[in-house]
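Undergrad: One file: model-v9.txt (compact mmCIF, C-alpha atoms).
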# COMPACT_ATOMS: atom_id res chain seq x y z
CA MET A 1 -3.68 59.20 -6.60
CA ALA A 2 -5.25 56.22 -8.31
CA VAL A 3 -1.79 54.82 -9.05
CA ALA A 4 -0.77 55.13 -5.40
CA THR A 5 -3.95 53.35 -4.34
CA GLU A 6 -3.29 50.56 -6.83
CA MET A 7 0.28 50.18 -5.63
CA GLY A 8 -0.90 50.13 -2.02
CA ALA A 9 -3.41 47.40 -2.82
CA VAL A 10 -0.66 45.32 -4.44
CA MET A 11 1.69 45.84 -1.48
CA ASN A 12 -1.04 44.81 0.96
CA LYS A 13 -1.67 41.52 -0.82
CA LYS A 14 -1.08 38.49 1.35
CA LYS A 15 1.59 36.21 -0.11
CA ILE A 16 0.83 32.52 0.03
CA LEU A 17 2.78 29.43 -1.01
CA VAL A 18 0.76 26.48 -2.26
CA THR A 19 2.93 23.42 -2.74
CA GLY A 20 1.67 20.89 -5.26
CA GLY A 21 -0.21 23.60 -7.16
CA ALA A 22 -0.25 21.59 -10.39
CA GLY A 23 -2.05 18.78 -8.58
CA PHE A 24 -5.78 18.22 -8.33
CA ILE A 25 -6.54 19.97 -5.03
CA GLY A 26 -3.70 22.48 -5.39
CA PHE A 27 -4.97 23.65 -8.78
CA HIS A 28 -8.48 24.30 -7.48
CA LEU A 29 -7.22 26.06 -4.36
CA CYS A 30 -4.93 28.31 -6.43
CA LYS A 31 -7.90 29.27 -8.63
CA ARG A 32 -9.83 30.30 -5.53
CA LEU A 33 -6.93 32.25 -4.01
CA ILE A 34 -6.19 34.11 -7.26
CA CYS A 35 -9.76 35.43 -7.28
CA HIS A 36 -9.42 36.69 -3.69
CA GLU A 37 -6.42 38.95 -4.18
CA PHE A 38 -3.74 36.70 -2.75
CA ASP A 39 -0.26 36.81 -4.27
CA VAL A 40 -0.02 33.10 -5.08
CA VAL A 41 3.24 31.21 -5.57
CA THR A 42 3.17 27.48 -6.24
CA VAL A 43 5.88 24.87 -6.50
CA ASP A 44 5.50 21.44 -8.06
CA ASN A 45 8.02 18.94 -9.40
CA LEU A 46 5.62 17.74 -12.15
CA ASN A 47 6.53 14.12 -11.55
CA ASP A 48 5.14 11.39 -13.80
CA TYR A 49 3.09 9.50 -11.18
CA TYR A 50 0.25 10.23 -13.60
CA ASP A 51 0.01 11.96 -17.00
CA VAL A 52 2.05 15.17 -16.75
CA ARG A 53 -0.05 16.75 -19.51
CA ILE A 54 -2.99 17.13 -17.14
CA LYS A 55 -0.74 18.95 -14.65
CA GLU A 56 0.60 21.20 -17.42
CA ASP A 57 -2.93 21.99 -18.63
CA ARG A 58 -3.99 22.94 -15.10
CA LEU A 59 -1.00 25.28 -14.86
CA LYS A 60 -1.84 26.92 -18.18
CA LEU A 61 -5.18 28.02 -16.76
CA LEU A 62 -3.55 29.42 -13.63
CA GLU A 63 -0.66 31.21 -15.33
CA ALA A 64 -3.03 33.61 -17.10
CA ALA A 65 -3.51 35.40 -13.76
CA PRO A 66 -1.06 38.24 -12.96
CA ASN A 67 -1.00 37.33 -9.25
CA PHE A 68 0.12 33.73 -9.85
CA ARG A 69 3.63 32.35 -10.26
CA PHE A 70 4.75 28.78 -10.82
CA ILE A 71 8.20 27.52 -9.87
CA LYS A 72 9.23 24.00 -10.85
CA MET A 73 10.78 22.60 -7.71
CA ASP A 74 10.89 19.45 -5.61
CA ILE A 75 10.06 20.12 -1.96
CA ALA A 76 12.58 17.40 -1.03
CA ASN A 77 15.39 19.65 -2.33
CA ARG A 78 16.58 21.28 0.88
CA GLY A 79 18.77 23.99 -0.67
CA GLU A 80 16.14 25.17 -3.15
CA MET A 81 13.44 25.25 -0.47
CA GLU A 82 15.65 27.26 1.90
CA HIS A 83 16.30 29.80 -0.85
CA LEU A 84 12.61 29.99 -1.81
CA PHE A 85 11.44 30.73 1.73
CA ALA A 86 14.21 33.25 2.40
CA ALA A 87 13.56 35.12 -0.86
CA GLU A 88 9.75 35.18 -0.80
CA LYS A 89 8.84 35.72 2.87
CA PHE A 90 5.43 34.07 2.70
CA ASP A 91 2.58 35.05 5.01
CA TYR A 92 0.89 31.67 4.71
CA VAL A 93 1.81 28.21 3.43
CA VAL A 94 -0.56 25.45 2.31
CA ASN A 95 1.26 22.16 1.79
CA LEU A 96 -0.56 19.96 -0.72
CA ALA A 97 2.56 18.44 -2.30
CA ALA A 98 2.87 14.75 -1.51
CA GLN A 99 3.29 11.40 -3.13
CA ALA A 100 -0.32 10.27 -3.21
CA GLY A 101 -1.95 6.87 -3.41
CA VAL A 102 -2.34 4.05 -0.89
CA ARG A 103 -1.62 1.18 -3.28
CA TYR A 104 1.40 2.81 -4.93
CA SER A 105 3.04 3.17 -1.49
CA ILE A 106 3.35 -0.62 -1.35
CA LEU A 107 5.25 -0.63 -4.65
CA ASN A 108 7.43 2.45 -4.24
CA PRO A 109 7.96 3.29 -0.55
CA HIS A 110 11.00 5.54 -1.11
CA ALA A 111 8.91 8.06 -3.08
CA TYR A 112 6.76 8.57 0.03
CA VAL A 113 9.71 8.97 2.37
CA GLU A 114 11.33 11.58 0.10
CA SER A 115 8.26 13.71 -0.59
CA ASN A 116 6.01 13.19 2.42
CA LEU A 117 8.68 13.13 5.13
CA LEU A 118 11.84 14.84 3.88
CA GLY A 119 9.87 17.36 1.82
CA PHE A 120 7.56 18.16 4.72
CA ALA A 121 10.53 18.66 7.05
CA ASN A 122 11.91 21.22 4.57
CA ILE A 123 8.58 23.07 4.64
CA LEU A 124 8.51 23.12 8.44
CA GLU A 125 12.05 24.50 8.54
CA GLY A 126 11.18 27.14 5.95
CA CYS A 127 8.16 28.25 7.98
CA ARG A 128 10.11 28.24 11.22
CA HIS A 129 13.00 30.37 10.00
CA ASN A 130 10.94 32.87 7.99
CA LYS A 131 8.13 33.81 10.36
CA VAL A 132 5.27 32.23 8.41
CA LYS A 133 2.00 33.14 10.15
CA HIS A 134 0.22 29.84 9.54
CA LEU A 135 1.04 26.47 7.97
CA ILE A 136 -1.89 24.42 6.71
CA PHE A 137 -1.01 20.91 5.57
CA ALA A 138 -2.91 18.08 3.93
CA SER A 139 -3.33 14.98 6.01
CA SER A 140 -5.70 12.19 5.00
CA SER A 141 -8.60 10.05 6.16
CA SER A 142 -6.14 7.17 5.68
CA VAL A 143 -4.61 7.97 9.08
CA TYR A 144 -7.63 6.35 10.76
CA GLY A 145 -6.29 3.00 9.56
CA ALA A 146 -7.54 0.07 11.62
CA ASN A 147 -9.86 2.31 13.66
CA THR A 148 -13.44 1.04 13.40
CA ASN A 149 -15.05 3.69 15.62
CA ILE A 150 -17.43 5.31 13.08
CA PRO A 151 -17.71 8.18 12.24
CA PHE A 152 -14.01 9.00 12.34
CA SER A 153 -13.33 11.89 14.70
CA VAL A 154 -10.26 14.09 15.10
CA HIS A 155 -10.67 13.40 18.83
CA HIS A 156 -9.87 9.69 18.27
CA ASN A 157 -6.34 8.31 18.48
CA VAL A 158 -4.92 7.18 15.13
CA ASP A 159 -2.00 4.93 16.02
CA HIS A 160 -2.61 1.96 13.73
CA PRO A 161 -2.07 2.93 10.06
CA VAL A 162 -2.46 0.15 7.47
CA SER A 163 -0.41 1.69 4.64
CA LEU A 164 2.88 3.54 4.33
CA TYR A 165 0.99 6.48 2.81
CA ALA A 166 -1.14 6.70 5.97
CA ALA A 167 1.95 6.40 8.16
CA THR A 168 3.62 9.34 6.39
CA LYS A 169 0.50 11.48 6.85
CA LYS A 170 0.33 10.61 10.55
CA SER A 171 4.04 11.51 10.72
CA ASN A 172 3.25 14.92 9.20
CA GLU A 173 0.80 15.56 12.01
CA LEU A 174 3.40 14.61 14.63
CA LEU A 175 6.14 16.70 13.04
CA ALA A 176 3.85 19.71 12.75
CA HIS A 177 2.85 19.42 16.38
CA THR A 178 6.49 19.29 17.41
CA TYR A 179 7.23 22.53 15.54
CA SER A 180 4.13 24.13 17.04
CA SER A 181 5.33 23.15 20.49
CA LEU A 182 9.02 24.02 20.12
CA TYR A 183 8.81 27.12 17.93
CA LYS A 184 5.19 28.32 18.38
CA LEU A 185 4.56 27.78 14.66
CA PRO A 186 0.76 27.77 14.12
CA CYS A 187 -0.15 24.59 12.23
CA THR A 188 -3.46 23.20 11.01
CA GLY A 189 -3.75 19.67 9.62
CA LEU A 190 -6.64 18.75 7.32
CA ARG A 191 -7.76 15.16 6.92
CA PHE A 192 -9.36 14.97 3.47
CA PHE A 193 -11.93 12.28 2.69
CA THR A 194 -12.02 10.78 -0.85
CA VAL A 195 -11.86 13.96 -2.91
CA TYR A 196 -13.36 13.94 -6.41
CA GLY A 197 -14.39 16.38 -9.14
CA PRO A 198 -13.30 17.98 -12.44
CA TRP A 199 -9.56 17.82 -13.15
CA GLY A 200 -9.33 14.85 -10.77
CA ARG A 201 -6.40 12.44 -10.70
CA PRO A 202 -6.34 9.65 -13.33
CA ASP A 203 -5.40 7.07 -10.67
CA MET A 204 -8.58 7.60 -8.66
CA ALA A 205 -11.70 5.45 -8.87
CA LEU A 206 -14.01 7.96 -10.57
CA PHE A 207 -11.55 8.64 -13.39
CA LEU A 208 -10.68 4.94 -13.81
CA PHE A 209 -14.32 3.84 -13.80
CA ILE A 210 -15.48 6.40 -16.36
CA LYS A 211 -12.53 5.74 -18.65
CA ALA A 212 -13.16 1.98 -18.56
CA ILE A 213 -16.94 2.26 -19.05
CA LEU A 214 -16.55 4.60 -22.04
CA GLU A 215 -13.99 2.22 -23.54
CA ASP A 216 -16.38 -0.73 -23.02
CA ARG A 217 -14.06 -2.41 -20.50
CA PRO A 218 -15.03 -3.97 -17.15
CA ILE A 219 -14.27 -2.00 -13.98
CA ASP A 220 -12.38 -3.49 -11.03
CA VAL A 221 -14.54 -3.41 -7.90
CA PHE A 222 -12.58 -4.30 -4.77
CA ASN A 223 -13.90 -6.10 -1.70
CA HIS A 224 -16.70 -7.29 -3.99
CA GLY A 225 -18.23 -3.84 -3.77
CA ASP A 226 -18.63 -3.99 0.02
CA MET A 227 -16.95 -0.61 0.60
CA ARG A 228 -18.26 2.75 1.79
CA ARG A 229 -16.57 6.08 1.15
CA ASP A 230 -17.22 9.64 2.30
CA PHE A 231 -16.93 11.11 -1.22
CA THR A 232 -16.18 14.84 -0.93
CA TYR A 233 -16.53 17.22 -3.87
CA ILE A 234 -13.51 19.37 -4.68
CA ASP A 235 -15.35 22.68 -4.20
CA ASP A 236 -16.22 21.66 -0.64
CA ILE A 237 -12.59 20.78 0.08
CA VAL A 238 -11.40 24.13 -1.27
CA GLU A 239 -14.04 26.05 0.70
CA GLY A 240 -12.91 24.36 3.90
CA VAL A 241 -9.24 25.09 3.25
CA PHE A 242 -9.95 28.69 2.25
CA ARG A 243 -11.92 29.43 5.40
CA LEU A 244 -9.12 28.11 7.59
CA ILE A 245 -6.15 29.94 6.03
CA GLU A 246 -6.57 33.05 8.14
CA ARG A 247 -8.08 31.20 11.10
CA ILE A 248 -4.79 30.85 12.91
CA PRO A 249 -4.86 28.21 15.67
CA VAL A 250 -4.05 29.12 19.25
CA ALA A 251 -3.23 27.03 22.29
CA ASN A 252 -6.22 25.27 23.82
CA PRO A 253 -6.37 26.42 27.48
CA ALA A 254 -8.54 23.41 28.36
CA TRP A 255 -6.07 20.86 26.96
CA ASP A 256 -5.18 18.30 29.61
CA GLY A 257 -2.11 16.09 29.34
CA SER A 258 -3.72 13.45 31.57
CA HIS A 259 -6.55 13.11 29.03
CA PRO A 260 -4.91 14.39 25.82
CA ASP A 261 -7.21 15.44 22.99
CA PRO A 262 -5.43 14.63 19.68
CA SER A 263 -7.28 17.38 17.81
CA SER A 264 -5.75 20.32 19.67
CA SER A 265 -2.88 21.12 22.01
CA TYR A 266 -1.23 23.37 24.56
CA ALA A 267 0.59 24.57 21.40
CA PRO A 268 -0.97 26.52 18.45
CA TYR A 269 -2.06 23.35 16.64
CA LYS A 270 -5.38 22.03 15.31
CA LEU A 271 -6.72 19.14 13.25
CA TYR A 272 -9.92 19.01 11.16
CA ASN A 273 -11.72 16.44 9.05
CA ILE A 274 -13.07 17.71 5.73
CA GLY A 275 -15.58 15.21 4.42
CA ASN A 276 -19.13 15.07 3.13
CA ASN A 277 -20.36 13.38 6.33
CA GLN A 278 -22.51 11.05 4.20
CA PRO A 279 -20.72 7.80 3.30
CA VAL A 280 -21.93 6.05 0.15
CA SER A 281 -21.51 2.42 -0.82
CA LEU A 282 -19.18 1.72 -3.72
CA LEU A 283 -22.01 0.02 -5.63
CA LYS A 284 -24.21 3.11 -5.18
CA PHE A 285 -21.31 5.26 -6.39
CA ILE A 286 -21.12 3.12 -9.53
CA GLU A 287 -24.89 3.48 -10.06
CA VAL A 288 -24.56 7.28 -9.98
CA ILE A 289 -21.76 7.05 -12.58
CA GLU A 290 -23.92 4.80 -14.77
CA ASP A 291 -26.79 7.31 -14.57
CA ALA A 292 -24.50 10.21 -15.50
CA LEU A 293 -23.06 8.31 -18.48
CA GLY A 294 -26.24 6.52 -19.54
CA ILE A 295 -24.19 3.30 -19.74
CA LYS A 296 -24.21 0.20 -17.54
CA ALA A 297 -20.86 -0.92 -16.14
CA VAL A 298 -19.52 -4.47 -16.35
CA LYS A 299 -18.10 -5.20 -12.89
CA ASN A 300 -15.05 -7.32 -12.15
CA LEU A 301 -15.54 -8.18 -8.47
CA LEU A 302 -12.24 -8.58 -6.61
CA PRO A 303 -11.09 -9.11 -3.00
CA MET A 304 -9.97 -6.26 -0.74
CA GLN A 305 -6.61 -4.78 -1.71
CA GLN A 306 -3.75 -4.60 0.75
CA GLY A 307 -3.67 -1.25 2.58
CA ASP A 308 -7.35 -0.45 1.93
CA VAL A 309 -10.06 0.10 4.54
CA ALA A 310 -13.68 -0.95 4.22
CA GLU A 311 -15.30 2.35 5.25
CA THR A 312 -14.54 6.03 5.72
CA TYR A 313 -16.94 8.43 7.41
CA ALA A 314 -15.99 11.92 8.61
CA ASP A 315 -17.18 13.53 11.83
CA ILE A 316 -17.02 17.21 10.82
CA ASP A 317 -18.44 18.81 13.97
CA ASP A 318 -15.23 20.78 14.66
CA LEU A 319 -15.08 22.13 11.11
CA VAL A 320 -18.73 23.24 11.17
CA ARG A 321 -18.38 24.81 14.61
CA ASP A 322 -15.20 26.77 13.80
CA THR A 323 -15.93 27.85 10.21
CA GLY A 324 -19.71 27.75 9.86
CA PHE A 325 -19.24 25.61 6.74
CA THR A 326 -20.76 22.20 6.03
CA PRO A 327 -19.65 20.28 2.90
CA SER A 328 -22.88 19.39 1.13
CA THR A 329 -22.46 18.92 -2.64
CA PRO A 330 -24.72 15.99 -3.65
CA LEU A 331 -22.90 13.03 -5.18
CA HIS A 332 -25.02 13.13 -8.35
CA THR A 333 -24.12 16.80 -8.92
CA GLY A 334 -20.42 16.19 -8.38
CA VAL A 335 -20.25 13.11 -10.60
CA THR A 336 -22.24 14.83 -13.37
CA ASN A 337 -19.84 17.77 -13.25
CA PHE A 338 -16.90 15.39 -13.54
CA VAL A 339 -18.43 13.57 -16.52
CA THR A 340 -19.02 16.91 -18.27
CA TRP A 341 -15.40 17.92 -17.66
CA TYR A 342 -14.04 14.51 -18.71
CA LYS A 343 -15.92 14.46 -22.01
CA GLY A 344 -14.92 18.04 -22.76
CA TYR A 345 -11.26 17.57 -21.85
CA PHE A 346 -10.88 14.37 -23.89
CA LYS A 347 -13.20 15.59 -26.66
CA ILE A 348 -15.71 12.74 -26.33
CA GLN A 349 -19.11 13.22 -27.95
Please express what this file holds, its structure, as structure tokens.

TA:
Amino acid sequence: MAVATEMGAVMNKKKILVTGGAGFIGFHLCKRLICHEFDVVTVDNLNDYYDVRIKEDRLKLLEAAPNFRFIKMDIANRGEMEHLFAAEKFDYVVNLAAQAGVRYSILNPHAYVESNLLGFANILEGCRHNKVKHLIFASSSSVYGANTNIPFSVHHNVDHPVSLYAATKKSNELLAHTYSSLYKLPCTGLRFFTVYGPWGRPDMALFLFIKAILEDRPIDVFNHGDMRRDFTYIDDIVEGVFRLIERIPVANPAWDGSHPDPSSSYAPYKLYNIGNNQPVSLLKFIEVIEDALGIKAVKNLLPMQQGDVAETYADIDDLVRDTGFTPSTPLHTGVTNFVTWYKGYFKIQ
């Protein structure tokens, strides 16, 4: 009888695809899902945008779980994605695979078109043809672009991106809405705000700053430090995503085409910001890093970089209302946790 019960529990597991599972956010989300009895499949192409060894080390930690499988695959490969969806019959899909980085999009635009547009179209088609219950996809605070109406709200229009990366994320939102409208595919887009934490990407400010400070090198501080970011700890991001997986969006009966609300629709479609709702100046961020390291940084003050924005600040009212969750990890706690991970991972005394 016990065997039958065990088999029944396995058969009742919800199967979920997490694309980009070797990445920073994908890795942490997979860890959470594994612990909550999901049957987790992840795909990742393990590209060399940053050190592949970090991606491989993340995967090693995940692959110890019996309910986790990794498949090396590029979401831009249409044939492989069609076969994956047809063979696996996923209940849910969380798309975190994307070519990341605002500044890199200026140097290598084709990488963004292939992954963020073509790859996302393949995911939408896979969901459409295989009866996926809910597609959650990563958007970005970058979509707010030239908008200066602070705090940024999902109820604002976002029609003026200032980087190709932002334009591809806005395009994801439009494509997803189209599939929701045409095929009744439930889609939820999540605009992440400056995610940081252990196992973070080496191209992001926290990683770059700490590496430079420990190596006694100056840090590059853009816009002469006159920047504000809504730094959001990775555990808060994962909690928000996790709570929304089985919260399947429905059509908004109050939606009015004469006064269209961008955050919802007559179709099963919804957008949320996930941010800390407490923007911090870049100079304050550096002070917190200095405190955690016990070392003062030498700052190389530089002008604003092309494609950047001066401030991000998330209005999270919709997220709090619909999930009961408020991201709240203090910056000092998050940065200290990252420093502890960084020193342990790189074996620094």

Undergrad: What is the distance between atom CA of A:Cys187 and atom CA of A:Glu173, in Å to one decimal?

TA: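 The value is 9.1 Å.
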
Undergrad: What's the separation between atom CA of A:Ile213 and atom CA of A:Val280, in Å to one decimal place?

TA: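 Distance reported for this atom pair: 20.2 Å.
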
Undergrad: At a cut-off of 12 Å, can you tabulate as CSV every residue of stretch 48-75 of chain A near stretch 94-111 of chain A together with its closest atom pair and the distance in Å to one decimal, using only C-alpha atoms and ordering rows by chain then number?

TA:
residue,atom,partner,partner_atom,distance
A:Asp48,CA,A:Gln99,CA,10.8
A:Tyr49,CA,A:Gln99,CA,8.3
A:Tyr50,CA,A:Ala100,CA,10.4
A:Met73,CA,A:Ala97,CA,10.7
A:Asp74,CA,A:Ala97,CA,9.0
A:Ile75,CA,A:Ala97,CA,7.7

Undergrad: Env of stretch 241-251 of chain A: 8 Å cut, atoms = all atoms listed in the file, seq-sep filter 3 positions within chain, self excluded. Answer as a compact mmCIF listing (two decimals) with C-alpha atoms, in the coordinates of the input.

TA:
# COMPACT_ATOMS: atom_id res chain seq x y z
CA LEU A 29 -7.22 26.06 -4.36
CA ARG A 32 -9.83 30.30 -5.53
CA LEU A 33 -6.93 32.25 -4.01
CA TYR A 92 0.89 31.67 4.71
CA LYS A 133 2.00 33.14 10.15
CA HIS A 134 0.22 29.84 9.54
CA ILE A 136 -1.89 24.42 6.71
CA PRO A 186 0.76 27.77 14.12
CA CYS A 187 -0.15 24.59 12.23
CA THR A 188 -3.46 23.20 11.01
CA LEU A 190 -6.64 18.75 7.32
CA ILE A 237 -12.59 20.78 0.08
CA VAL A 238 -11.40 24.13 -1.27
CA SER A 264 -5.75 20.32 19.67
CA SER A 265 -2.88 21.12 22.01
CA TYR A 266 -1.23 23.37 24.56
CA ALA A 267 0.59 24.57 21.40
CA PRO A 268 -0.97 26.52 18.45
CA TYR A 269 -2.06 23.35 16.64
CA LYS A 270 -5.38 22.03 15.31
CA THR A 323 -15.93 27.85 10.21

Undergrad: Just want the 12 Å neighbourhood of A:Ala65, counted on all atoms listed in the file, with same-chain residues fewer than 5 positions away dropped. Output as a PyMOL selection string.

TA: chain A and resi 30-41+59-60+70

Undergrad: Go through A:Leu293, A:Ile316, A:Ile234, A:Ala167 and flag the residue nearest A:Ser142, using all atoms listed in the file for the distances.

TA: A:Ala167

Undergrad: When distances are computed from all atoms listed in the file, which of A:Lys89, A:Arg228, A:Arg78, A:Arg58 shows the smallest separation from A:Gly119?

TA: A:Arg78

Undergrad: What separation in Å, quoted to one decimal, exists between atom CA of A:Asp236 and atom CA of A:Ala176?

TA: 24.2 Å

Undergrad: I want to know what sits within 12 Å of A:Gly334, based on all atoms listed in the file, with residues of the same chain fewer than 5 positions away left out; could you give that as a PyMOL selection string?

TA: chain A and resi 195-200+206+231-236+276+285+288-289+292+328-329+339-341

Undergrad: Using only C-alpha atoms, which of the listed residues (A:Thr333, A:Ser139, A:Asn130, A:Asn47) sits closest to A:Ser171?

TA: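 Ranking A:Thr333, A:Ser139, A:Asn130, A:Asn47 by distance to A:Ser171, first place goes to A:Ser139.
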
Undergrad: Using all atoms listed in the file, pick whichever of A:Met204, A:Ile274, A:Leu319, A:Ile16 has the shortest atom-to-atom distance to A:Asn67.

TA: A:Ile16
